[in-house]
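One file, protein-v3.txt, carrying compact mmCIF, C-alpha atoms:
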```
# COMPACT_ATOMS: atom_id res chain seq x y z
CA MET H 235 -6.45 -49.88 -7.28
CA SER H 236 -8.45 -49.58 -10.45
CA ILE H 237 -11.29 -47.13 -11.15
CA THR H 238 -14.01 -48.49 -13.37
CA ALA H 239 -16.62 -45.69 -12.91
CA HIS H 240 -15.82 -42.21 -14.27
CA PRO H 241 -13.84 -40.46 -11.53
CA SER H 242 -15.48 -37.10 -12.33
CA ASP H 243 -14.98 -35.51 -8.93
CA ALA H 244 -11.30 -36.44 -8.90
CA LEU H 245 -10.40 -35.06 -12.31
CA SER H 246 -9.84 -31.47 -11.14
CA ALA H 247 -7.70 -32.70 -8.27
CA TYR H 248 -5.80 -34.87 -10.75
CA VAL H 249 -5.14 -31.89 -13.02
CA ASP H 250 -3.91 -29.93 -10.00
CA ALA H 251 -1.83 -32.93 -8.83
CA GLU H 252 -3.58 -32.73 -5.47
CA LEU H 253 -4.36 -36.44 -5.17
CA ASP H 254 -2.12 -38.68 -3.19
CA ALA H 255 0.14 -41.06 -5.08
CA ALA H 256 -2.36 -43.90 -5.05
CA GLY H 257 -5.15 -41.61 -6.27
CA MET H 258 -3.00 -40.24 -9.09
CA ARG H 259 -2.10 -43.76 -10.23
CA ALA H 260 -5.74 -44.87 -10.11
CA VAL H 261 -6.93 -41.94 -12.25
CA GLU H 262 -4.10 -42.47 -14.73
CA GLU H 263 -5.05 -46.10 -15.04
CA HIS H 264 -8.68 -45.14 -15.71
CA LEU H 265 -7.64 -42.56 -18.28
CA THR H 266 -5.78 -45.14 -20.34
CA GLY H 267 -9.09 -46.83 -21.07
CA CYS H 268 -11.57 -43.90 -21.06
CA ALA H 269 -11.59 -41.43 -23.94
CA ASP H 270 -14.32 -39.30 -22.34
CA CYS H 271 -12.32 -38.68 -19.17
CA ARG H 272 -9.15 -38.08 -21.20
CA ALA H 273 -11.06 -35.40 -23.10
CA ILE H 274 -12.21 -33.80 -19.86
CA VAL H 275 -8.68 -33.77 -18.48
CA ALA H 276 -7.37 -32.26 -21.69
CA ASP H 277 -10.07 -29.55 -21.58
CA LEU H 278 -9.42 -28.80 -17.92
CA GLU H 279 -5.70 -28.43 -18.59
CA ARG H 280 -6.40 -26.03 -21.44
CA LEU H 281 -8.85 -24.12 -19.27
CA CYS H 282 -6.26 -23.75 -16.51
CA GLY H 283 -3.74 -22.51 -19.05
CA HIS H 284 -6.15 -19.87 -20.29
CA ALA H 285 -6.99 -18.87 -16.72
CA ARG H 286 -3.33 -18.33 -15.85
CA ALA H 287 -2.85 -16.21 -18.95
CA TRP H 288 -5.94 -14.19 -18.06
CA ALA H 289 -4.24 -13.05 -14.85
CA ASP H 290 -1.68 -11.15 -16.89
CA GLN H 291 -4.21 -9.09 -18.82
CA PRO H 292 -4.59 -5.58 -17.41
CA ALA H 293 -7.78 -3.60 -17.79
CA THR H 294 -8.37 0.01 -18.71
CA PRO H 295 -10.95 1.99 -16.74
CA SER H 296 -13.93 3.19 -18.74
CA ALA H 297 -13.30 6.63 -17.24
CA ASP H 298 -10.63 8.17 -15.06
CA LEU H 299 -11.37 6.84 -11.59
CA TRP H 300 -8.86 9.07 -9.81
CA PRO H 301 -11.09 12.12 -9.17
CA GLY H 302 -13.60 9.92 -7.37
CA ILE H 303 -10.83 8.36 -5.32
CA ALA H 304 -9.14 11.67 -4.57
CA ALA H 305 -12.36 13.15 -3.25
CA ARG H 306 -12.58 10.33 -0.72
CA LEU H 307 -9.03 10.44 0.63
CA SER H 308 -8.98 11.50 4.24
CA PRO H 309 -6.10 13.77 5.24
CA ARG H 310 -3.26 12.19 7.16
CA GLU H 311 -3.09 13.22 10.77
CA THR H 312 0.65 13.71 10.45
CA ALA H 313 0.72 14.94 6.88
CA ARG H 314 4.11 16.27 5.84
CA PRO H 315 4.78 18.35 2.77
CA THR H 316 6.62 16.54 0.03
CA SER H 317 5.72 18.15 -3.20
CA THR H 318 3.88 21.36 -2.45
CA GLY H 319 6.87 23.54 -1.91
CA ALA H 320 5.83 24.29 1.64
CA PRO H 321 8.60 24.91 4.14
CA SER H 322 10.27 21.76 5.36
CA GLY H 323 8.80 20.50 8.60
CA ALA H 324 5.68 22.62 8.37
CA PRO H 325 2.47 20.67 8.84
CA VAL H 326 0.31 20.90 5.79
CA VAL H 327 -3.33 20.21 5.25
CA ARG H 328 -4.16 19.55 1.65
CA LEU H 329 -7.38 21.24 0.74
CA ALA H 330 -7.64 19.83 -2.76
CA TRP H 331 -6.54 16.38 -3.64
CA TYR H 332 -6.05 16.63 -7.31
CA ARG H 333 -5.28 19.15 -10.03
CA ARG H 334 -4.60 21.92 -7.58
CA ARG H 335 -3.26 21.65 -4.11
CA VAL H 336 -3.69 24.39 -1.59
CA SER H 337 -1.62 24.25 1.52
CA LEU H 338 -1.84 26.32 4.63
CA GLY H 339 1.43 26.35 6.47
CA VAL H 340 1.96 26.89 10.15
CA PRO H 341 1.23 30.62 10.20
CA GLU H 342 -2.11 30.30 8.48
CA LEU H 343 -3.39 26.93 9.46
CA ALA H 344 -2.29 26.73 13.05
CA LEU H 345 -3.51 30.21 13.76
CA ALA H 346 -6.74 29.68 11.93
CA ALA H 347 -7.31 26.41 13.76
CA SER H 348 -6.54 27.91 17.16
CA LEU H 349 -8.04 31.22 16.27
CA VAL H 350 -10.88 31.16 18.73
CA ALA H 351 -8.74 30.05 21.63
CA GLY H 352 -5.98 32.53 20.81
CA LEU H 353 -8.24 35.48 20.42
CA ALA H 354 -10.29 34.46 23.39
CA GLY H 355 -7.18 34.90 25.51
CA ALA H 356 -6.74 38.44 24.30
CA LEU H 357 -10.40 39.20 24.70
CA VAL H 358 -10.45 37.69 28.16
CA SER H 359 -7.56 39.96 29.10
CA GLN H 360 -9.48 42.88 27.75
CA ARG H 361 -12.58 41.88 29.65
CA ALA H 362 -10.61 41.20 32.81
CA ALA H 363 -9.31 44.76 32.66
CA SER H 364 -12.85 46.03 32.83
CA PRO H 365 -14.05 46.50 36.44
CA ALA H 366 -17.56 45.65 35.45
CA ARG H 367 -16.48 42.14 34.40
CA GLN H 368 -14.15 41.21 37.18
CA GLU H 369 -16.70 39.53 39.42
CA GLY H 370 -17.47 36.68 37.03
CA PRO H 371 -15.44 34.00 35.29
CA PRO H 372 -13.94 34.98 31.95
CA PRO H 373 -16.13 34.06 28.98
CA VAL H 374 -13.72 31.70 27.32
CA LEU H 375 -15.16 30.18 24.19
CA ALA H 376 -15.70 26.50 24.45
CA GLU H 377 -14.25 24.69 21.47
CA ARG H 378 -17.49 22.85 20.84
CA GLU H 379 -19.73 25.80 21.43
CA PRO H 380 -22.29 26.10 18.65
CA LEU H 381 -20.69 28.32 16.09
CA ASP H 382 -23.78 29.69 14.52
CA ALA H 383 -25.85 30.55 17.55
CA PRO H 384 -27.67 33.80 16.79
CA ASP H 385 -26.69 36.94 18.68
CA ALA H 386 -29.13 39.66 19.53
CA GLY H 387 -28.61 42.90 17.65
CA VAL H 388 -26.97 41.59 14.51
CA ALA H 389 -28.34 39.81 11.51
CA THR H 390 -28.65 36.06 11.90
CA ALA H 391 -26.38 34.55 9.32
CA SER H 392 -27.06 31.70 7.09
CA PHE H 393 -24.20 30.68 4.85
CA ALA H 394 -25.85 31.72 1.66
CA ASP H 395 -23.31 34.27 0.49
CA ALA H 396 -25.48 37.41 0.54
CA GLN H 397 -26.82 36.87 4.05
CA TYR H 398 -23.47 35.77 5.38
CA ASP H 399 -21.71 38.75 3.85
CA ALA H 400 -24.35 41.09 5.28
CA ALA H 401 -23.89 39.66 8.76
CA VAL H 402 -20.12 39.87 8.52
CA SER H 403 -20.32 43.40 7.19
CA ASP H 404 -22.61 44.39 10.05
CA LEU H 405 -20.26 42.95 12.65
CA GLU H 406 -17.21 44.53 11.02
CA ARG H 407 -18.93 47.90 11.11
CA VAL H 408 -19.74 47.53 14.81
CA LEU H 409 -16.16 46.50 15.47
CA ARG H 410 -14.79 49.47 13.52
CA ASP H 411 -17.02 51.89 15.36
CA HIS H 412 -15.95 50.60 18.76
CA ARG H 413 -12.41 49.45 18.25
CA GLN H 414 -11.06 52.29 20.39
CA ARG H 415 -12.63 50.53 23.35
CA LEU H 416 -10.35 47.57 22.88
CA ASN H 417 -6.79 47.18 24.05
CA PRO H 418 -4.45 47.93 21.10
CA ARG H 419 -2.82 44.52 21.48
CA THR H 420 -6.22 42.89 21.26
CA VAL H 421 -6.95 44.85 18.10
CA LEU H 422 -3.68 43.70 16.57
CA VAL H 423 -4.41 40.05 17.34
CA LEU H 424 -7.95 40.40 16.09
CA GLU H 425 -6.96 42.01 12.82
CA ARG H 426 -4.19 39.51 12.18
CA ASN H 427 -6.52 36.59 12.76
CA LEU H 428 -9.20 38.07 10.55
CA ARG H 429 -6.64 38.41 7.76
CA ILE H 430 -5.68 34.77 8.23
CA ILE H 431 -9.30 33.71 8.03
CA ASP H 432 -9.88 35.83 4.95
CA ASP H 433 -6.82 34.27 3.28
CA ALA H 434 -8.10 30.81 4.13
CA VAL H 435 -11.51 31.67 2.70
CA ARG H 436 -9.94 32.97 -0.52
CA GLU H 437 -7.77 29.88 -0.93
CA ALA H 438 -10.62 27.51 -0.26
CA ARG H 439 -12.82 29.36 -2.74
CA ALA H 440 -10.10 29.26 -5.38
CA ALA H 441 -9.64 25.54 -4.85
CA LEU H 442 -13.39 25.00 -5.00
CA ALA H 443 -13.52 26.80 -8.32
CA VAL H 444 -11.39 23.96 -9.68
CA ASP H 445 -12.94 21.17 -7.63
CA PRO H 446 -16.44 22.32 -6.66
CA ALA H 447 -17.71 18.95 -5.41
CA ASN H 448 -14.81 18.25 -3.08
CA PRO H 449 -16.41 17.57 0.32
CA LEU H 450 -13.26 18.39 2.28
CA LEU H 451 -12.96 21.78 0.61
CA ASN H 452 -16.60 22.58 1.16
CA ALA H 453 -16.39 21.60 4.81
CA THR H 454 -13.21 23.63 5.21
CA LEU H 455 -14.77 26.72 3.69
CA ALA H 456 -17.89 26.43 5.81
CA ASP H 457 -15.82 25.95 8.94
CA VAL H 458 -13.57 28.92 8.25
CA ARG H 459 -16.53 31.15 7.52
CA ARG H 460 -18.25 30.06 10.73
CA ARG H 461 -15.08 30.83 12.63
CA LYS H 462 -14.95 34.30 11.17
CA LEU H 463 -18.53 34.99 12.14
CA GLN H 464 -17.95 33.68 15.62
CA LEU H 465 -14.82 35.73 16.04
CA LEU H 466 -16.57 38.91 14.96
CA ARG H 467 -19.52 38.23 17.24
CA GLN H 468 -17.25 37.62 20.18
CA ALA H 469 -15.21 40.74 19.49
CA THR H 470 -18.22 42.98 19.05
CA SER H 471 -19.86 41.63 22.17
CA ILE H 472 -16.71 42.52 24.07
CA THR H 473 -16.59 46.04 22.68
CA GLU H 474 -20.20 46.58 23.60
CA GLY H 475 -19.63 45.30 27.13
CA VAL H 476 -16.45 47.24 27.91
CA MET W 81 10.20 19.61 -23.04
CA THR W 82 7.36 19.69 -20.55
CA PRO W 83 7.93 17.18 -17.80
CA ASN W 84 5.36 14.43 -17.68
CA PHE W 85 3.88 14.32 -14.21
CA HIS W 86 3.12 10.65 -14.38
CA SER W 87 6.51 9.50 -15.54
CA ARG W 88 8.78 11.24 -13.10
CA PRO W 89 11.70 9.00 -12.32
CA GLU W 90 10.83 8.46 -8.70
CA SER W 91 10.96 5.01 -7.23
CA GLU W 92 7.85 3.27 -6.07
CA ALA W 93 9.30 3.03 -2.58
CA ASP W 94 9.67 6.82 -2.52
CA ASP W 95 6.08 7.24 -3.58
CA VAL W 96 4.91 4.79 -0.94
CA ALA W 97 6.77 6.76 1.73
CA ARG W 98 5.41 10.04 0.41
CA ALA W 99 1.87 8.70 0.23
CA ILE W 100 2.10 7.40 3.79
CA ALA W 101 3.14 10.90 4.79
CA GLY W 102 0.08 12.33 3.11
CA ASP W 103 1.26 13.20 -0.38
CA ALA W 104 -1.74 12.67 -2.63
CA ALA W 105 0.32 13.28 -5.78
CA ALA W 106 2.59 10.36 -4.90
CA PHE W 107 -0.45 8.24 -4.20
CA GLU W 108 -1.90 9.16 -7.56
CA ARG W 109 1.28 7.87 -9.22
CA LEU W 110 0.91 4.58 -7.36
CA TYR W 111 -2.73 4.44 -8.40
CA ARG W 112 -1.92 4.98 -12.08
CA THR W 113 0.74 2.29 -12.00
CA HIS W 114 -1.42 -0.34 -10.39
CA VAL W 115 -4.98 0.42 -11.43
CA PRO W 116 -4.90 -1.69 -14.64
CA ARG W 117 -4.27 -4.91 -12.72
CA ILE W 118 -6.52 -4.05 -9.79
CA LEU W 119 -9.34 -3.16 -12.15
CA ALA W 120 -8.79 -6.38 -14.09
CA LEU W 121 -9.02 -8.33 -10.84
CA ALA W 122 -12.25 -6.55 -9.91
CA ARG W 123 -13.73 -7.30 -13.33
CA ARG W 124 -12.79 -10.97 -13.10
CA MET W 125 -14.21 -11.38 -9.62
CA ALA W 126 -17.25 -9.13 -9.70
CA GLY W 127 -17.99 -8.35 -13.32
CA ALA W 128 -17.60 -5.22 -15.37
CA ASP W 129 -20.68 -3.48 -13.99
CA SER W 130 -19.33 -3.01 -10.50
CA ALA W 131 -15.59 -3.14 -11.20
CA ASP W 132 -14.98 0.60 -11.46
CA GLU W 133 -16.71 1.30 -8.18
CA LEU W 134 -14.87 -1.56 -6.52
CA ALA W 135 -11.54 -0.30 -7.83
CA GLN W 136 -12.26 3.08 -6.26
CA ASP W 137 -13.14 1.45 -2.95
CA ILE W 138 -9.94 -0.56 -3.14
CA PHE W 139 -7.69 2.45 -3.64
CA VAL W 140 -9.42 4.38 -0.87
CA ARG W 141 -8.69 1.39 1.36
CA VAL W 142 -5.10 1.33 0.12
CA TRP W 143 -4.74 4.97 1.18
CA GLN W 144 -6.06 4.07 4.62
CA LYS W 145 -3.89 0.99 5.03
CA LEU W 146 -0.69 1.98 3.27
CA GLY W 147 0.98 2.73 6.57
CA SER W 148 0.83 -0.98 7.38
CA PHE W 149 2.74 -1.93 4.23
CA ARG W 150 6.11 -3.17 5.44
CA GLY W 151 7.70 -4.05 2.14
CA GLU W 152 7.93 -7.75 3.02
CA ALA W 153 6.12 -8.57 -0.24
CA SER W 154 6.07 -6.43 -3.36
CA LEU W 155 3.60 -3.59 -3.39
CA ALA W 156 1.76 -5.31 -6.25
CA THR W 157 1.32 -8.44 -4.16
CA TRP W 158 0.21 -6.46 -1.12
CA LEU W 159 -2.26 -4.48 -3.23
CA HIS W 160 -3.62 -7.65 -4.77
CA ARG W 161 -4.29 -9.23 -1.40
CA LEU W 162 -5.92 -6.10 -0.08
CA ALA W 163 -8.04 -5.83 -3.22
CA VAL W 164 -9.27 -9.40 -2.87
CA ASN W 165 -10.22 -8.69 0.73
CA VAL W 166 -12.18 -5.59 -0.26
CA ILE W 167 -14.00 -7.49 -2.99
CA VAL W 168 -14.84 -10.40 -0.70
CA GLU W 169 -16.08 -7.93 1.91
CA ARG W 170 -18.39 -6.52 -0.75
CA PHE W 171 -19.67 -10.02 -1.44
CA ARG W 172 -20.28 -10.49 2.26
CA ALA W 173 -22.19 -7.23 2.39
CA LEU W 174 -24.42 -8.48 -0.37
CA GLY W 175 -25.05 -11.82 1.34
CA THR W 176 -22.88 -14.04 3.44
CA ALA W 177 -20.16 -15.78 1.51
CA ARG W 178 -21.01 -19.12 3.04
CA ASP W 179 -24.59 -18.91 1.82
CA ARG W 180 -23.45 -17.86 -1.60
CA PHE W 181 -21.07 -20.76 -1.89
CA LEU W 182 -23.34 -23.40 -0.57
CA ALA W 183 -26.39 -22.15 -2.43
CA ASP W 184 -25.05 -21.93 -5.92
CA GLY W 185 -23.24 -25.25 -5.90
CA GLU W 186 -26.29 -27.27 -6.78
CA GLU W 187 -27.22 -24.83 -9.51
CA ALA W 188 -23.78 -25.28 -11.00
CA ILE W 189 -24.16 -29.04 -10.89
CA THR W 190 -27.43 -28.99 -12.76
CA ARG W 191 -25.89 -26.91 -15.49
CA MET W 192 -22.83 -29.13 -15.72
CA PRO W 193 -22.79 -31.22 -18.85
CA ALA W 194 -22.20 -34.93 -18.57
CA PRO W 195 -18.80 -35.98 -19.89
CA THR W 196 -20.21 -37.54 -23.02
CA GLU W 197 -22.30 -34.42 -23.73
CA ALA W 198 -19.35 -32.06 -23.87
CA ALA W 199 -17.96 -31.32 -27.27
CA ARG W 200 -14.34 -31.81 -28.13
CA GLY W 201 -11.93 -29.01 -28.84
CA TRP W 202 -13.35 -25.65 -27.78
CA ASP W 203 -10.05 -23.88 -27.68
CA ALA W 204 -10.45 -21.68 -30.74
CA GLY W 205 -12.31 -18.43 -30.24
CA MET W 206 -13.04 -19.13 -26.65
CA ASP W 207 -13.98 -16.13 -24.53
CA LEU W 208 -13.13 -17.04 -21.01
CA HIS W 209 -14.28 -13.69 -19.68
CA VAL W 210 -17.80 -14.14 -21.05
CA ALA W 211 -17.97 -17.73 -19.86
CA VAL W 212 -16.81 -16.83 -16.33
CA ASN W 213 -19.46 -14.12 -16.19
CA ARG W 214 -22.09 -16.81 -16.62
CA LEU W 215 -20.93 -18.77 -13.59
CA PRO W 216 -22.85 -18.62 -10.34
CA PRO W 217 -21.15 -16.12 -8.01
CA GLY W 218 -19.62 -18.64 -5.63
CA ALA W 219 -18.20 -20.89 -8.30
CA ARG W 220 -16.92 -17.87 -10.15
CA THR W 221 -15.12 -16.51 -7.10
CA VAL W 222 -13.41 -19.80 -6.31
CA PHE W 223 -12.42 -20.30 -9.96
CA VAL W 224 -10.95 -16.80 -10.24
CA LEU W 225 -9.13 -17.01 -6.93
CA HIS W 226 -7.70 -20.48 -7.56
CA ASP W 227 -7.11 -20.79 -11.28
CA VAL W 228 -6.50 -17.15 -12.20
CA GLU W 229 -5.07 -15.54 -9.08
CA GLY W 230 -3.23 -18.57 -7.76
CA TYR W 231 -4.73 -18.87 -4.28
CA LYS W 232 -4.61 -22.21 -2.46
CA HIS W 233 -7.80 -23.91 -1.32
CA GLU W 234 -6.82 -23.31 2.29
CA GLU W 235 -6.50 -19.58 1.64
CA ILE W 236 -9.79 -19.48 -0.23
CA GLY W 237 -11.50 -21.31 2.60
CA THR W 238 -10.21 -18.76 5.10
CA LEU W 239 -11.14 -15.81 2.91
CA LEU W 240 -14.63 -16.99 2.17
CA GLY W 241 -15.42 -18.77 5.40
CA VAL W 242 -15.94 -22.16 3.79
CA SER W 243 -14.19 -25.50 4.16
CA VAL W 244 -11.33 -26.63 1.95
CA GLY W 245 -13.61 -29.38 0.66
CA THR W 246 -16.25 -26.84 -0.37
CA SER W 247 -13.63 -24.80 -2.17
CA LYS W 248 -12.39 -27.88 -4.04
CA SER W 249 -15.85 -29.00 -5.04
CA GLN W 250 -16.82 -25.50 -6.14
CA LEU W 251 -13.69 -25.31 -8.27
CA HIS W 252 -14.44 -28.57 -9.96
CA ARG W 253 -18.01 -27.51 -10.61
CA ALA W 254 -16.86 -24.17 -11.97
CA ARG W 255 -14.40 -25.84 -14.32
CA MET W 256 -16.92 -28.34 -15.57
CA THR W 257 -19.54 -25.62 -16.05
CA LEU W 258 -17.03 -23.50 -17.96
CA ARG W 259 -16.15 -26.49 -20.10
CA GLY W 260 -19.82 -26.84 -20.93
CA HIS W 261 -20.20 -23.15 -21.80
CA LEU W 262 -17.07 -23.09 -23.87
CA SER W 263 -18.01 -26.28 -25.66
CA ARG W 264 -21.34 -24.83 -26.66
CA GLU W 265 -19.56 -21.67 -27.81
CA ALA W 266 -17.22 -23.78 -29.92
CA ARG W 267 -20.13 -25.64 -31.50
CA ALA W 268 -22.07 -22.45 -32.25
```

What would you get if you wrote out this structure as structure tokens?
Amino acid sequence: MSITAHPSDALSAYVDAELDAAGMRAVEEHLTGCADCRAIVADLERLCGHARAWADQPATPSADLWPGIAARLSPRETARPTSTGAPSGAPVVRLAWYRRRVSLGVPELALAASLVAGLAGALVSQRAASPARQEGPPPVLAEREPLDAPDAGVATASFADAQYDAAVSDLERVLRDHRQRLNPRTVLVLERNLRIIDDAVREARAALAVDPANPLLNATLADVRRRKLQLLRQATSITEGV
Amino acid sequence: MTPNFHSRPESEADDVARAIAGDAAAFERLYRTHVPRILALARRMAGADSADELAQDIFVRVWQKLGSFRGEASLATWLHRLAVNVIVERFRALGTARDRFLADGEEAITRMPAPTEAARGWDAGMDLHVAVNRLPPGARTVFVLHDVEGYKHEEIGTLLGVSVGTSKSQLHRARMTLRGHLSREARA
């Protein structure tokens, strides 16, 4: 078969050797008599050579992209410590993803996470020991209960530092004044959990000082502070009702 | 001597395992090793303006998907495939790939110089990157995937949702358009 017209559409396939044997022979036959098509084929072959070489050229970012990536990494559900120095086997939640890593091991994190439930048990026991409360179901905190619902008698907290600190201070004072009404074991659990929360707040704040825009850190800090407020509210309400 | 964090003699396989387990430091090492080529790919396919943002999206996706890496191909190959998918998804978000590829074909044809119009010998001083940037998006994507990244037409068709024939014709149009651009550059 001979091709008399320019086989323009077949030239790329010819360069890529994608034509069948008859097609390859026909294009070759045309090329022997057509300087224009030979020039196109030569250009396409050079172009393909340049393209292949282009694949090997790395690029340098205009700025370090890692901080933006790190801020978007979601924590693994089964995160294990590998380079933080945390005890082997202890679940770790990374609060900062670059420059500084803060880890809360089992004692802090697990207790902080289950703080409400754990303390609720102690408080329920305390309440159950009170005859005045025995007729009704124990006021166990629901996990999804709104954490910032205002309580009567104490300042309503926003999470602007001054107002939050004032509300916490108010609740701590009430708790101090009435702690003798609580079971000593309940007081121990309460104080231990408050220390854990305070440690978590300090660590999150320290990490935020390095990485202030980190959304995970900010969410963690807000959550821990809400938990502290809720814990204090629950404890003070118990002391007032005993 | 202060140890260099980024050159610790840990194998890539170790870092993959650590990153899968949640170690962001190990993942950062993988990122620093592979970002030059992933970023280059993003620049070739999408242009310099959006390449940095795309590279970030790609590595976030890598973090999410790393657990599915089985080591059957090299990590570089796996990353490359994933990166192409992320970039094509971005194209789809901006307008369906099929529309892009069918729509810009005719435009490419009208810009394509006739064989006799093209100048001879444009090799010297050619700037392929600049010329590729001038291609219509569809032709550019097929050219980069086929001629630079080494994808087959069948794979391109699957990725972009177009037929093998469309991929082949787009490639030819892209090449001829590039030849025209580069010829004019050589004459200038």

Exercise answer, chain W residues close to chain H, 6 Å and all atoms listed in the file, as number ranges by chain = W: 101-102, 116-117, 119-120, 136, 227-228, 252

query = Quick one: residues within 9 Å of Ala99 (chain W), only C-alpha atoms counted, chain neighbours fewer than 4 positions away excluded, as a PyMOL selection string?
reply = chain W and resi 94-95+103-108+110+143+146-147

message = Here is a test: counting only C-alpha atoms, which residue of H:Ala400, H:Ala239, H:Ala441, H:Ala469 is nearest to His412 (chain H)?
response = H:Ala469

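For the point (-17.7, -11.6, -20.1), the residues with an atom at a distance of at most 9 Å are Arg123, Arg124, Gly127, Ala128, Asp207, Leu208, His209, Val210, Ala211, Val212, Asn213 and Arg214 of chain W, counting all atoms listed in the file.
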
note = CA of Glu152 (chain W) to CA of Ser247 (chain W) measures 28.0 Å

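Residue nearest Ser243 (chain W), chosen from W:Val222, W:Val115, W:Ala163, W:Leu155 and counting all atoms listed in the file: W:Val222.
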
query = Between CA of Glu252 (chain H) and CA of Met256 (chain W), what is the distance, to one decimal in Å?
reply = 17.3 Å

key: From W:Val242, W:Ala173, W:Asn165, W:Ile100, residue lying nearest Ser148 (chain W) [all atoms listed in the file]   =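 For Ser148 (chain W), the nearest of the given residues is W:Ile100.
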
message = Neighbouring residues of Leu455 (chain H) were defined as those with any atom within 9 Å, considering all atoms listed in the file; residues of the same chain fewer than 4 positions away were excluded. Please report them as a PyMOL selection string.
response = chain H and resi 434-439+442+450-451+459-460

Take the selection from the previous step and output its residues with C-alpha atoms, as a compact mmCIF listing (two decimals), keeping the file's coordinate frame.
```txt
# COMPACT_ATOMS: atom_id res chain seq x y z
CA ALA H 434 -8.10 30.81 4.13
CA VAL H 435 -11.51 31.67 2.70
CA ARG H 436 -9.94 32.97 -0.52
CA GLU H 437 -7.77 29.88 -0.93
CA ALA H 438 -10.62 27.51 -0.26
CA ARG H 439 -12.82 29.36 -2.74
CA LEU H 442 -13.39 25.00 -5.00
CA LEU H 450 -13.26 18.39 2.28
CA LEU H 451 -12.96 21.78 0.61
CA ARG H 459 -16.53 31.15 7.52
CA ARG H 460 -18.25 30.06 10.73
```

task = Could you jot down the CA of Val402 (chain H) to CA of Asn417 (chain H) separation for me, Å, one decimal place?
result = 21.7 Å
